[in-house]
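Everything below belongs to start-v4.json, which stores JSON, C-alpha atoms.
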[["chain", "number", "residue", "atom", "x", "y", "z"],
["A", 23, "MET", "CA", -0.78, 6.76, 35.55],
["A", 24, "ASN", "CA", 0.03, 10.45, 35.19],
["A", 25, "ILE", "CA", 0.14, 12.27, 31.85],
["A", 26, "SER", "CA", 3.94, 12.31, 31.85],
["A", 27, "ASP", "CA", 4.06, 8.49, 31.96],
["A", 28, "THR", "CA", 1.51, 8.35, 29.14],
["A", 29, "ARG", "CA", 3.72, 10.53, 26.97],
["A", 30, "LEU", "CA", 6.69, 8.31, 27.65],
["A", 31, "LEU", "CA", 4.74, 5.26, 26.56],
["A", 32, "SER", "CA", 3.53, 7.12, 23.45],
["A", 33, "VAL", "CA", 7.14, 7.91, 22.60],
["A", 34, "PHE", "CA", 8.07, 4.25, 23.00],
["A", 35, "ASP", "CA", 5.15, 3.19, 20.78],
["A", 36, "GLU", "CA", 5.94, 5.67, 18.02],
["A", 37, "ILE", "CA", 9.66, 4.85, 17.91],
["A", 38, "TYR", "CA", 8.74, 1.18, 17.73],
["A", 39, "LYS", "CA", 6.43, 1.82, 14.76],
["A", 40, "THR", "CA", 8.62, 4.27, 12.83],
["A", 41, "ARG", "CA", 12.10, 2.96, 13.81],
["A", 42, "SER", "CA", 13.15, 6.61, 13.96],
["A", 43, "VAL", "CA", 13.44, 9.28, 16.67],
["A", 44, "SER", "CA", 12.88, 12.11, 14.18],
["A", 45, "ARG", "CA", 9.82, 10.51, 12.59],
["A", 46, "ALA", "CA", 8.41, 9.69, 16.02],
["A", 47, "ALA", "CA", 8.82, 13.34, 16.98],
["A", 48, "GLU", "CA", 7.03, 14.45, 13.81],
["A", 49, "ALA", "CA", 4.14, 12.03, 14.36],
["A", 50, "LEU", "CA", 3.72, 13.11, 18.00],
["A", 51, "GLY", "CA", 4.05, 16.83, 17.26],
["A", 52, "LEU", "CA", 7.10, 17.10, 19.54],
["A", 53, "GLY", "CA", 10.62, 18.39, 19.07],
["A", 54, "GLN", "CA", 13.30, 15.78, 18.46],
["A", 55, "PRO", "CA", 15.15, 16.74, 21.69],
["A", 56, "ALA", "CA", 11.99, 16.08, 23.71],
["A", 57, "VAL", "CA", 11.67, 12.60, 22.19],
["A", 58, "SER", "CA", 15.36, 11.89, 22.84],
["A", 59, "ILE", "CA", 14.95, 12.93, 26.47],
["A", 60, "ALA", "CA", 11.87, 10.71, 26.82],
["A", 61, "LEU", "CA", 13.77, 7.79, 25.32],
["A", 62, "GLY", "CA", 16.57, 8.41, 27.81],
["A", 63, "LYS", "CA", 14.08, 8.23, 30.70],
["A", 64, "LEU", "CA", 12.65, 4.99, 29.33],
["A", 65, "ARG", "CA", 16.12, 3.49, 29.01],
["A", 66, "GLN", "CA", 16.95, 4.46, 32.57],
["A", 67, "HIS", "CA", 13.68, 3.07, 33.90],
["A", 68, "PHE", "CA", 14.03, -0.30, 32.15],
["A", 69, "SER", "CA", 17.85, -0.49, 32.42],
["A", 70, "ASP", "CA", 17.96, -1.38, 28.73],
["A", 71, "PRO", "CA", 18.80, 0.59, 25.55],
["A", 72, "LEU", "CA", 15.37, -0.46, 24.12],
["A", 73, "PHE", "CA", 16.26, 0.78, 20.61],
["A", 74, "VAL", "CA", 19.67, 0.51, 18.94],
["A", 75, "ARG", "CA", 20.78, 2.21, 15.76],
["A", 76, "THR", "CA", 21.28, -0.10, 12.77],
["A", 77, "SER", "CA", 21.39, 0.34, 9.01],
["A", 78, "GLY", "CA", 17.60, -0.10, 8.99],
["A", 79, "GLY", "CA", 16.91, 2.53, 11.68],
["A", 80, "MET", "CA", 16.30, 2.28, 15.42],
["A", 81, "ASP", "CA", 15.67, -1.43, 15.91],
["A", 82, "PRO", "CA", 14.05, -2.71, 19.14],
["A", 83, "THR", "CA", 15.99, -4.85, 21.60],
["A", 84, "PRO", "CA", 14.49, -8.16, 22.78],
["A", 85, "LEU", "CA", 13.13, -6.40, 25.88],
["A", 86, "ALA", "CA", 11.49, -3.71, 23.73],
["A", 87, "GLU", "CA", 9.85, -6.42, 21.64],
["A", 88, "GLU", "CA", 8.39, -7.92, 24.82],
["A", 89, "LEU", "CA", 7.24, -4.53, 26.12],
["A", 90, "TRP", "CA", 5.54, -3.26, 22.97],
["A", 91, "GLY", "CA", 2.43, -5.47, 23.17],
["A", 92, "PRO", "CA", 1.50, -4.52, 26.76],
["A", 93, "ILE", "CA", 2.34, -0.86, 26.13],
["A", 94, "ARG", "CA", 0.20, -0.77, 22.98],
["A", 95, "THR", "CA", -2.68, -2.43, 24.84],
["A", 96, "ALA", "CA", -2.39, 0.10, 27.67],
["A", 97, "LEU", "CA", -2.38, 3.05, 25.28],
["A", 98, "ASP", "CA", -5.41, 1.73, 23.39],
["A", 99, "ALA", "CA", -7.33, 1.18, 26.60],
["A", 100, "LEU", "CA", -6.43, 4.59, 27.98],
["A", 101, "GLY", "CA", -7.29, 6.31, 24.71],
["A", 102, "GLU", "CA", -10.69, 4.66, 24.63],
["A", 103, "ALA", "CA", -11.36, 5.48, 28.29],
["A", 104, "LEU", "CA", -10.44, 9.14, 27.83],
["A", 105, "GLY", "CA", -12.44, 9.42, 24.60],
["A", 106, "ARG", "CA", -9.34, 10.48, 22.72],
["A", 107, "ARG", "CA", -10.66, 8.83, 19.56],
["A", 108, "SER", "CA", -14.31, 9.67, 20.03],
["A", 109, "ALA", "CA", -14.23, 12.29, 17.27],
["A", 110, "PHE", "CA", -12.22, 13.22, 14.21],
["A", 111, "ASP", "CA", -12.34, 16.70, 12.73],
["A", 112, "ALA", "CA", -10.92, 16.43, 9.21],
["A", 113, "THR", "CA", -10.95, 20.21, 8.74],
["A", 114, "SER", "CA", -8.44, 20.78, 11.56],
["A", 115, "SER", "CA", -6.63, 17.45, 11.88],
["A", 116, "GLU", "CA", -2.89, 17.27, 11.18],
["A", 117, "ARG", "CA", -2.84, 13.50, 11.40],
["A", 118, "ARG", "CA", -0.52, 11.49, 9.19],
["A", 119, "PHE", "CA", -2.02, 8.35, 7.67],
["A", 120, "ARG", "CA", 0.32, 5.60, 6.49],
["A", 121, "ILE", "CA", -0.94, 3.49, 3.57],
["A", 122, "CYS", "CA", 0.78, 0.44, 2.11],
["A", 123, "MET", "CA", 0.27, 0.73, -1.64],
["A", 124, "THR", "CA", 1.37, -0.88, -4.86],
["A", 125, "ASP", "CA", 2.96, 1.31, -7.51],
["A", 126, "ILE", "CA", -0.30, 0.89, -9.45],
["A", 127, "SER", "CA", -2.38, 2.31, -6.59],
["A", 128, "GLN", "CA", 0.04, 5.21, -6.28],
["A", 129, "MET", "CA", -0.54, 6.08, -9.94],
["A", 130, "VAL", "CA", -4.25, 5.27, -10.25],
["A", 131, "ILE", "CA", -5.78, 6.09, -6.85],
["A", 132, "LEU", "CA", -3.60, 8.75, -5.21],
["A", 133, "PRO", "CA", -4.03, 11.45, -7.90],
["A", 134, "ARG", "CA", -7.83, 11.06, -7.82],
["A", 135, "LEU", "CA", -7.85, 11.06, -4.02],
["A", 136, "TRP", "CA", -5.79, 14.20, -3.54],
["A", 137, "SER", "CA", -8.25, 16.91, -4.56],
["A", 138, "PRO", "CA", -11.19, 15.73, -2.39],
["A", 139, "LEU", "CA", -8.79, 14.98, 0.45],
["A", 140, "ARG", "CA", -7.36, 18.49, 0.40],
["A", 141, "ALA", "CA", -10.83, 20.03, 0.06],
["A", 142, "THR", "CA", -12.00, 18.40, 3.30],
["A", 143, "ALA", "CA", -8.75, 17.92, 5.24],
["A", 144, "PRO", "CA", -6.21, 20.61, 4.32],
["A", 145, "SER", "CA", -3.63, 19.58, 6.92],
["A", 146, "VAL", "CA", -3.91, 15.78, 6.87],
["A", 147, "ARG", "CA", -0.77, 14.06, 5.54],
["A", 148, "ILE", "CA", -0.47, 10.83, 3.62],
["A", 149, "GLU", "CA", 2.61, 8.62, 3.68],
["A", 150, "ALA", "CA", 2.61, 5.92, 1.01],
["A", 151, "LEU", "CA", 4.59, 2.88, 2.14],
["A", 152, "PRO", "CA", 5.93, 0.46, -0.46],
["A", 153, "LEU", "CA", 4.64, -3.09, -0.29],
["A", 154, "ALA", "CA", 7.21, -5.51, 1.02],
["A", 155, "SER", "CA", 6.62, -9.22, 1.58],
["A", 156, "ALA", "CA", 3.16, -10.49, 2.47],
["A", 157, "GLY", "CA", 4.19, -11.08, 6.08],
["A", 158, "GLN", "CA", 5.72, -7.62, 6.43],
["A", 159, "THR", "CA", 2.57, -5.87, 5.20],
["A", 160, "ALA", "CA", 0.50, -7.84, 7.69],
["A", 161, "GLN", "CA", 2.93, -6.95, 10.47],
["A", 162, "LEU", "CA", 2.76, -3.23, 9.61],
["A", 163, "LEU", "CA", -1.04, -3.33, 9.89],
["A", 164, "GLU", "CA", -1.01, -5.38, 13.08],
["A", 165, "SER", "CA", 1.56, -3.15, 14.79],
["A", 166, "GLY", "CA", -0.17, 0.09, 13.83],
["A", 167, "ALA", "CA", 2.81, 1.20, 11.72],
["A", 168, "ALA", "CA", 0.36, 1.35, 8.79],
["A", 169, "ASP", "CA", -3.27, 2.45, 8.92],
["A", 170, "LEU", "CA", -4.36, 0.85, 5.67],
["A", 171, "ALA", "CA", -3.22, -1.29, 2.75],
["A", 172, "ILE", "CA", -4.57, -0.98, -0.79],
["A", 173, "GLY", "CA", -4.07, -3.43, -3.63],
["A", 174, "PHE", "CA", -4.48, -7.00, -4.81],
["A", 175, "MET", "CA", -3.34, -8.85, -1.69],
["A", 176, "PRO", "CA", -5.26, -12.10, -1.24],
["A", 177, "HIS", "CA", -2.91, -13.14, 1.58],
["A", 178, "LEU", "CA", -4.63, -10.49, 3.73],
["A", 179, "ASP", "CA", -8.15, -11.83, 3.09],
["A", 180, "ALA", "CA", -8.03, -13.87, 6.30],
["A", 181, "GLY", "CA", -7.60, -11.99, 9.57],
["A", 182, "PHE", "CA", -8.12, -8.41, 8.34],
["A", 183, "TYR", "CA", -11.11, -6.21, 7.66],
["A", 184, "GLN", "CA", -11.47, -5.57, 3.95],
["A", 185, "GLN", "CA", -13.55, -3.69, 1.40],
["A", 186, "VAL", "CA", -13.63, -4.26, -2.36],
["A", 187, "LEU", "CA", -12.87, -1.01, -4.18],
["A", 188, "PHE", "CA", -13.18, -2.29, -7.75],
["A", 189, "ARG", "CA", -12.68, -5.38, -9.86],
["A", 190, "GLN", "CA", -9.85, -5.46, -12.35],
["A", 191, "HIS", "CA", -8.69, -7.58, -15.25],
["A", 192, "TYR", "CA", -5.57, -7.89, -17.34],
["A", 193, "VAL", "CA", -4.70, -6.67, -20.82],
["A", 194, "VAL", "CA", -1.54, -6.79, -22.94],
["A", 195, "LEU", "CA", 0.53, -3.59, -23.17],
["A", 196, "ALA", "CA", 2.67, -2.92, -26.24],
["A", 197, "SER", "CA", 4.46, 0.01, -27.79],
["A", 198, "ALA", "CA", 2.33, 1.98, -30.20],
["A", 199, "ASP", "CA", 5.24, 1.52, -32.64],
["A", 200, "HIS", "CA", 5.56, -2.23, -32.16],
["A", 201, "ALA", "CA", 6.94, -3.70, -35.39],
["A", 202, "ARG", "CA", 4.54, -6.65, -35.57],
["A", 203, "VAL", "CA", 1.64, -6.16, -33.15],
["A", 204, "ARG", "CA", -0.60, -3.49, -34.63],
["A", 205, "SER", "CA", -4.34, -4.10, -34.77],
["A", 206, "GLY", "CA", -4.67, -7.14, -32.56],
["A", 207, "LEU", "CA", -2.92, -10.01, -30.83],
["A", 208, "ASP", "CA", -3.62, -13.72, -31.25],
["A", 209, "LEU", "CA", -2.34, -16.58, -29.13],
["A", 210, "GLU", "CA", 0.40, -17.52, -31.60],
["A", 211, "GLN", "CA", 1.79, -13.99, -31.58],
["A", 212, "PHE", "CA", 1.55, -13.87, -27.80],
["A", 213, "GLN", "CA", 3.73, -16.96, -27.51],
["A", 214, "THR", "CA", 6.16, -15.85, -30.23],
["A", 215, "GLU", "CA", 6.89, -12.32, -29.00],
["A", 216, "GLU", "CA", 9.23, -11.51, -26.11],
["A", 217, "HIS", "CA", 7.73, -10.31, -22.83],
["A", 218, "VAL", "CA", 8.49, -8.26, -19.74],
["A", 219, "ALA", "CA", 7.49, -9.90, -16.46],
["A", 220, "PHE", "CA", 7.23, -8.16, -13.10],
["A", 221, "THR", "CA", 7.98, -9.61, -9.68],
["A", 222, "THR", "CA", 5.93, -7.41, -7.36],
["A", 223, "ALA", "CA", 6.43, -8.32, -3.70],
["A", 224, "GLY", "CA", 3.45, -8.76, -1.42],
["A", 225, "THR", "CA", 0.74, -8.90, -4.11],
["A", 226, "GLY", "CA", -1.32, -11.60, -5.76],
["A", 227, "HIS", "CA", -0.11, -11.03, -9.31],
["A", 228, "GLN", "CA", 1.61, -14.40, -9.38],
["A", 229, "ILE", "CA", -1.82, -15.50, -10.58],
["A", 230, "ILE", "CA", -0.55, -14.66, -14.09],
["A", 231, "ASP", "CA", 2.17, -17.33, -14.06],
["A", 232, "GLN", "CA", -0.16, -19.80, -12.36],
["A", 233, "GLU", "CA", -2.87, -19.34, -14.97],
["A", 234, "LEU", "CA", -0.45, -19.51, -17.91],
["A", 235, "ALA", "CA", 0.95, -22.76, -16.54],
["A", 236, "ARG", "CA", -2.54, -24.15, -15.96],
["A", 237, "GLN", "CA", -3.52, -23.44, -19.58],
["A", 238, "GLY", "CA", -0.20, -24.63, -21.00],
["A", 239, "ILE", "CA", 0.57, -21.23, -22.54],
["A", 240, "HIS", "CA", 4.23, -20.34, -23.07],
["A", 241, "ARG", "CA", 5.48, -16.80, -22.43],
["A", 242, "ARG", "CA", 8.99, -15.88, -23.63],
["A", 243, "VAL", "CA", 10.15, -13.71, -20.72],
["A", 244, "ALA", "CA", 13.17, -11.68, -21.83],
["A", 245, "LEU", "CA", 13.16, -9.05, -19.07],
["A", 246, "THR", "CA", 12.10, -9.21, -15.42],
["A", 247, "ILE", "CA", 11.53, -5.99, -13.39],
["A", 248, "PRO", "CA", 10.27, -5.74, -9.78],
["A", 249, "ASN", "CA", 7.40, -3.33, -10.45],
["A", 250, "PHE", "CA", 4.79, -2.45, -13.04],
["A", 251, "VAL", "CA", 5.86, 1.11, -13.71],
["A", 252, "GLY", "CA", 9.50, 0.38, -14.49],
["A", 253, "ALA", "CA", 8.43, -2.47, -16.73],
["A", 254, "ALA", "CA", 5.91, -0.30, -18.56],
["A", 255, "PHE", "CA", 8.48, 2.24, -19.64],
["A", 256, "ALA", "CA", 10.67, -0.53, -20.99],
["A", 257, "ILE", "CA", 7.75, -1.37, -23.28],
["A", 258, "GLU", "CA", 7.38, 2.05, -24.88],
["A", 259, "ARG", "CA", 10.65, 1.97, -26.83],
["A", 260, "THR", "CA", 10.93, -1.78, -27.50],
["A", 261, "ASN", "CA", 9.04, -4.63, -29.16],
["A", 262, "LEU", "CA", 8.41, -6.29, -25.80],
["A", 263, "LEU", "CA", 4.93, -7.12, -24.53],
["A", 264, "MET", "CA", 3.60, -7.18, -20.96],
["A", 265, "ILE", "CA", 0.47, -8.40, -19.21],
["A", 266, "ILE", "CA", -0.75, -5.47, -17.11],
["A", 267, "PRO", "CA", -3.88, -4.44, -15.14],
["A", 268, "ARG", "CA", -6.30, -2.61, -17.41],
["A", 269, "ARG", "CA", -6.57, 0.58, -15.34],
["A", 270, "LEU", "CA", -2.83, 1.10, -15.43],
["A", 271, "GLY", "CA", -2.77, 0.24, -19.13],
["A", 272, "GLU", "CA", -5.41, 2.88, -19.88],
["A", 273, "LEU", "CA", -3.55, 5.45, -17.80],
["A", 274, "LEU", "CA", -0.27, 4.75, -19.60],
["A", 275, "ARG", "CA", -1.91, 4.80, -23.03],
["A", 276, "GLY", "CA", -3.21, 8.28, -22.28],
["A", 277, "ARG", "CA", 0.25, 9.52, -21.25],
["A", 278, "GLY", "CA", 2.64, 7.80, -23.67],
["A", 279, "GLU", "CA", 3.09, 5.85, -26.87],
["A", 280, "PHE", "CA", 1.31, 2.65, -25.86],
["A", 281, "SER", "CA", -1.32, 0.29, -27.23],
["A", 282, "ILE", "CA", -3.38, -2.15, -25.19],
["A", 283, "PHE", "CA", -4.97, -5.37, -26.44],
["A", 284, "PRO", "CA", -7.27, -7.98, -24.91],
["A", 285, "LEU", "CA", -5.57, -11.15, -23.75],
["A", 286, "PRO", "CA", -5.92, -13.87, -26.43],
["A", 287, "PHE", "CA", -6.95, -16.40, -23.75],
["A", 288, "PRO", "CA", -9.22, -16.35, -20.67],
["A", 289, "MET", "CA", -7.82, -14.94, -17.42],
["A", 290, "PRO", "CA", -9.73, -14.49, -14.14],
["A", 291, "ASP", "CA", -10.33, -10.97, -12.94],
["A", 292, "TYR", "CA", -9.45, -9.97, -9.37],
["A", 293, "ALA", "CA", -10.53, -7.56, -6.64],
["A", 294, "VAL", "CA", -8.55, -4.51, -5.55],
["A", 295, "LYS", "CA", -9.35, -3.94, -1.89],
["A", 296, "GLN", "CA", -8.48, -1.79, 1.07],
["A", 297, "TYR", "CA", -7.46, -3.71, 4.19],
["A", 298, "TRP", "CA", -7.19, -2.65, 7.82],
["A", 299, "HIS", "CA", -6.55, -4.22, 11.22],
["A", 300, "GLU", "CA", -9.04, -4.46, 14.05],
["A", 301, "ARG", "CA", -7.12, -1.78, 15.99],
["A", 302, "TYR", "CA", -8.29, 0.85, 13.47],
["A", 303, "HIS", "CA", -11.74, -0.56, 12.73],
["A", 304, "HIS", "CA", -13.57, 1.84, 15.05],
["A", 305, "ASP", "CA", -11.10, 4.71, 14.82],
["A", 306, "PRO", "CA", -13.02, 7.76, 13.48],
["A", 307, "GLY", "CA", -10.05, 9.07, 11.49],
["A", 308, "SER", "CA", -9.47, 5.74, 9.80],
["A", 309, "ARG", "CA", -13.17, 5.35, 9.07],
["A", 310, "TRP", "CA", -13.18, 8.80, 7.49],
["A", 311, "LEU", "CA", -10.22, 7.94, 5.24],
["A", 312, "ARG", "CA", -11.64, 4.57, 4.20],
["A", 313, "THR", "CA", -14.97, 6.19, 3.33],
["A", 314, "LEU", "CA", -13.28, 8.92, 1.31],
["A", 315, "ILE", "CA", -11.24, 6.39, -0.67],
["A", 316, "SER", "CA", -14.28, 4.22, -1.43],
["A", 317, "HIS", "CA", -16.28, 7.28, -2.54],
["A", 318, "VAL", "CA", -13.48, 8.49, -4.83],
["A", 319, "VAL", "CA", -13.23, 5.08, -6.48],
["A", 320, "ALA", "CA", -17.02, 4.85, -6.86],
["A", 321, "GLU", "CA", -17.17, 8.30, -8.51],
["A", 322, "GLU", "CA", -14.30, 7.31, -10.81],
["A", 323, "SER", "CA", -16.22, 4.23, -11.97],
["A", 324, "ALA", "CA", -19.39, 6.27, -12.44],
["A", 325, "ASP", "CA", -17.43, 8.62, -14.70],
["A", 326, "GLY", "CA", -16.70, 5.71, -17.00],
["A", 327, "TYR", "CA", -13.20, 4.81, -15.81],
["A", 328, "THR", "CA", -14.07, 1.24, -14.93],
["A", 329, "SER", "CA", -12.06, -1.89, -14.48]]

Go through the file and emit its structure as structure tokens.
Amino acid sequence: MNISDTRLLSVFDEIYKTRSVSRAAEALGLGQPAVSIALGKLRQHFSDPLFVRTSGGMDPTPLAEELWGPIRTALDALGEALGRRSAFDATSSERRFRICMTDISQMVILPRLWSPLRATAPSVRIEALPLASAGQTAQLLESGAADLAIGFMPHLDAGFYQQVLFRQHYVVLASADHARVRSGLDLEQFQTEEHVAFTTAGTGHQIIDQELARQGIHRRVALTIPNFVGAAFAIERTNLLMIIPRRLGELLRGRGEFSIFPLPFPMPDYAVKQYWHERYHHDPGSRWLRTLISHVVAEESADGYTS
């Protein structure tokens, strides 16, 4: 296989992962016209459009879906044989890492990560991908469209490499000006007051509803919002309550008019982890990023900002 064919296959692979000609060009360090020309050659060779424009981007045709697995395998094998991934120089790399993250991780981990990341890798780019359904996150990792996933995602415990970053538990978030909840919260108050509930996709936070049901505890849910952050800001100016991970609660209390209280009943803690697929397990760049993230979290805990 000559280098020109390899570039064509790399173009196919990147369009498949990003569903975009322009983003594929950016990831490959090529001009968009060059990627369009390469796609035209691929279409001519296979006598198939391969990717068609839809509202969601450049979606693969059935033939492209069949081709992607063998093409990805060929690229991985060739890259290993040529030693393309034998080294990673963070100081000069312009690689873009894609990380599936919850809104909590974006607020808690990303700001702490940024300074050490820029100090060691001034040109590396991070793209935070929102968590979708459990199956979609797994597919992004399996396809190589995402390098890493960070959060509370027990559905990924089987079939993916994983590392515990920290353990976390829940607290109750309230407005600092709440009319009735001031110095503490008992079980009767918890069941009497109105609550905000969140419906985060692709995470394990449904454990809250499961545990409340198991203990026979009633929660008067008056407002449902699909993420923690939007729900939190509904709390600040209302008399609503919300069960929230402690780290996010502490962060919000330091930035706004919030109070946090212990739950008036037992609730299991949980592990926040980083997950990755076998395809990136030995990749030096991915190993470097995973190590950096784990070190940042460990330093954060040593500074007293624990779960």

Legend entry - Given all atoms listed in the file as the counted atoms, nearest of A:Arg236, A:Arg189, A:Arg41, A:Lys63 to Arg269 in chain A: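 The answer is A:Arg189, which sits nearest to Arg269 in chain A.
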
For Leu97 in chain A, find every residue with an atom within 8 Å (counting all atoms listed in the file), except residues of its own chain fewer than 3 positions away, and show them as a compact mmCIF listing (two decimals) with C-alpha atoms, in the frame of the given file.
# COMPACT_ATOMS: atom_id res chain seq x y z
CA THR A 28 1.51 8.35 29.14
CA LEU A 31 4.74 5.26 26.56
CA SER A 32 3.53 7.12 23.45
CA ILE A 93 2.34 -0.86 26.13
CA ARG A 94 0.20 -0.77 22.98
CA LEU A 100 -6.43 4.59 27.98
CA GLY A 101 -7.29 6.31 24.71

Legend entry - Separation of CA of Tyr302 in chain A from CA of Val74 in chain A, in Å and rounded to one decimal: 28.5 Å

Inset, instruction - List the neighbours of Trp310 in chain A out to 10 Å using all atoms listed in the file; skip same-chain residues closer than 6 positions along the sequence, and give me the result as a PyMOL selection string. - result: chain A and resi 110-112

Inset, instruction - Just give me the gap between CA of Arg268 in chain A and CA of Glu149 in chain A in Å, one decimal is fine. - result: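 Rounded to one decimal, the two atoms are 25.5 Å apart.
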
Legend entry - Counting only C-alpha atoms, the residue of A:Val203, A:Ala141, A:Leu234, A:Ile121 that sits nearest Thr159 in chain A: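 Among the listed residues, A:Ile121 lies closest to Thr159 in chain A.
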
Legend entry - Gap from CA of Ile315 in chain A to CA of Ala168 in chain A - Å, one decimal: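 Here the two named atoms are 15.8 Å from each other.
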
Legend entry - Minimum-distance residue to His177 in chain A, chosen among A:His227, A:Arg65, A:Lys39, A:His240 (using only C-alpha atoms):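 Among the listed residues, the smallest separation from His177 in chain A belongs to A:His227.
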
Legend entry - Nearest residue to Thr95 in chain A from the set A:Ser114, A:Arg301, A:Met129, A:Ile257 (distances using all atoms listed in the file):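 Closest candidate: A:Arg301.
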
Inset, instruction - Choose the residue, out of A:Arg277, A:Arg29, A:His304, A:Arg120, that has the smallest atom-to-atom separation from Leu163 in chain A; count only C-alpha atoms. - result: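 Once distances to Leu163 in chain A are computed over only C-alpha atoms, the minimum belongs to A:Arg120.
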
Legend entry - Residue nearest Ala96 in chain A among A:Asp70, A:Asp305, A:Asp291, A:Asp27 (counting all atoms listed in the file):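 Residue with the minimum atom-to-atom distance to Ala96 in chain A: A:Asp27.
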
Inset, instruction - Give me the residues within 8 Å of Phe188 in chain A as a PyMOL selection string, counting only C-alpha atoms and dropping any in the same chain fewer than 4 places off. - result: chain A and resi 293-295+319+329

Inset, instruction - May I have the residues within 12 Å of Leu273 in chain A as number ranges by chain, using only C-alpha atoms and disregarding those fewer than 4 positions away in the same chain? - result: A: 126-127, 129-131, 133, 195, 251, 254, 266-269, 277-282, 327-329

Inset, instruction - Please identify all polymer residues within 10 Å of Leu153 in chain A, counting all atoms listed in the file, omitting same-chain residues fewer than 4 positions from it, and present them as a list in words. - result: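 Near neighbours after the sequence-gap exclusion: Ile121, Cys122, Met123, Thr124, Asp125, Gln158, Thr159, Ala171, Ile172, Gly173, Met175, Thr222, Ala223, Gly224 and Thr225 of chain A.
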
Since the input lacks atoms, please generate all heavy atoms for range 120-125 of chain A and provide them as a compact mmCIF listing (two decimals), in the frame of the given file.
# COMPACT_ATOMS: atom_id res chain seq x y z
N ARG A 120 -0.66 6.40 7.23
CA ARG A 120 0.32 5.60 6.49
C ARG A 120 -0.42 4.50 5.75
O ARG A 120 -1.15 3.72 6.36
CB ARG A 120 1.35 5.00 7.45
CG ARG A 120 2.11 6.04 8.28
CD ARG A 120 3.12 5.35 9.19
NE ARG A 120 3.81 6.30 10.04
CZ ARG A 120 3.47 6.57 11.29
NH1 ARG A 120 2.43 5.95 11.83
NH2 ARG A 120 4.16 7.44 12.00
N ILE A 121 -0.22 4.45 4.42
CA ILE A 121 -0.94 3.49 3.57
C ILE A 121 0.06 2.66 2.79
O ILE A 121 0.88 3.21 2.05
CB ILE A 121 -1.88 4.21 2.59
CG1 ILE A 121 -2.78 5.21 3.33
CG2 ILE A 121 -2.72 3.19 1.83
CD1 ILE A 121 -3.66 6.04 2.40
N CYS A 122 -0.02 1.34 2.94
CA CYS A 122 0.78 0.44 2.11
C CYS A 122 0.11 0.37 0.75
O CYS A 122 -1.08 0.03 0.65
CB CYS A 122 0.85 -0.96 2.73
SG CYS A 122 1.68 -1.03 4.32
N MET A 123 0.86 0.66 -0.31
CA MET A 123 0.27 0.73 -1.64
C MET A 123 1.20 0.14 -2.68
O MET A 123 2.42 0.27 -2.59
CB MET A 123 -0.03 2.19 -2.04
CG MET A 123 -0.82 2.99 -1.05
SD MET A 123 -1.10 4.69 -1.60
CE MET A 123 -2.41 4.47 -2.78
N THR A 124 0.60 -0.47 -3.70
CA THR A 124 1.37 -0.88 -4.86
C THR A 124 1.71 0.35 -5.70
O THR A 124 1.12 1.42 -5.53
CB THR A 124 0.57 -1.86 -5.73
OG1 THR A 124 -0.60 -1.18 -6.20
CG2 THR A 124 0.15 -3.10 -4.94
N ASP A 125 2.66 0.19 -6.61
CA ASP A 125 2.96 1.31 -7.51
C ASP A 125 1.76 1.64 -8.38
O ASP A 125 1.55 2.79 -8.77
CB ASP A 125 4.20 1.01 -8.37
CG ASP A 125 4.10 -0.30 -9.14
OD1 ASP A 125 3.33 -1.18 -8.72
OD2 ASP A 125 4.83 -0.45 -10.15
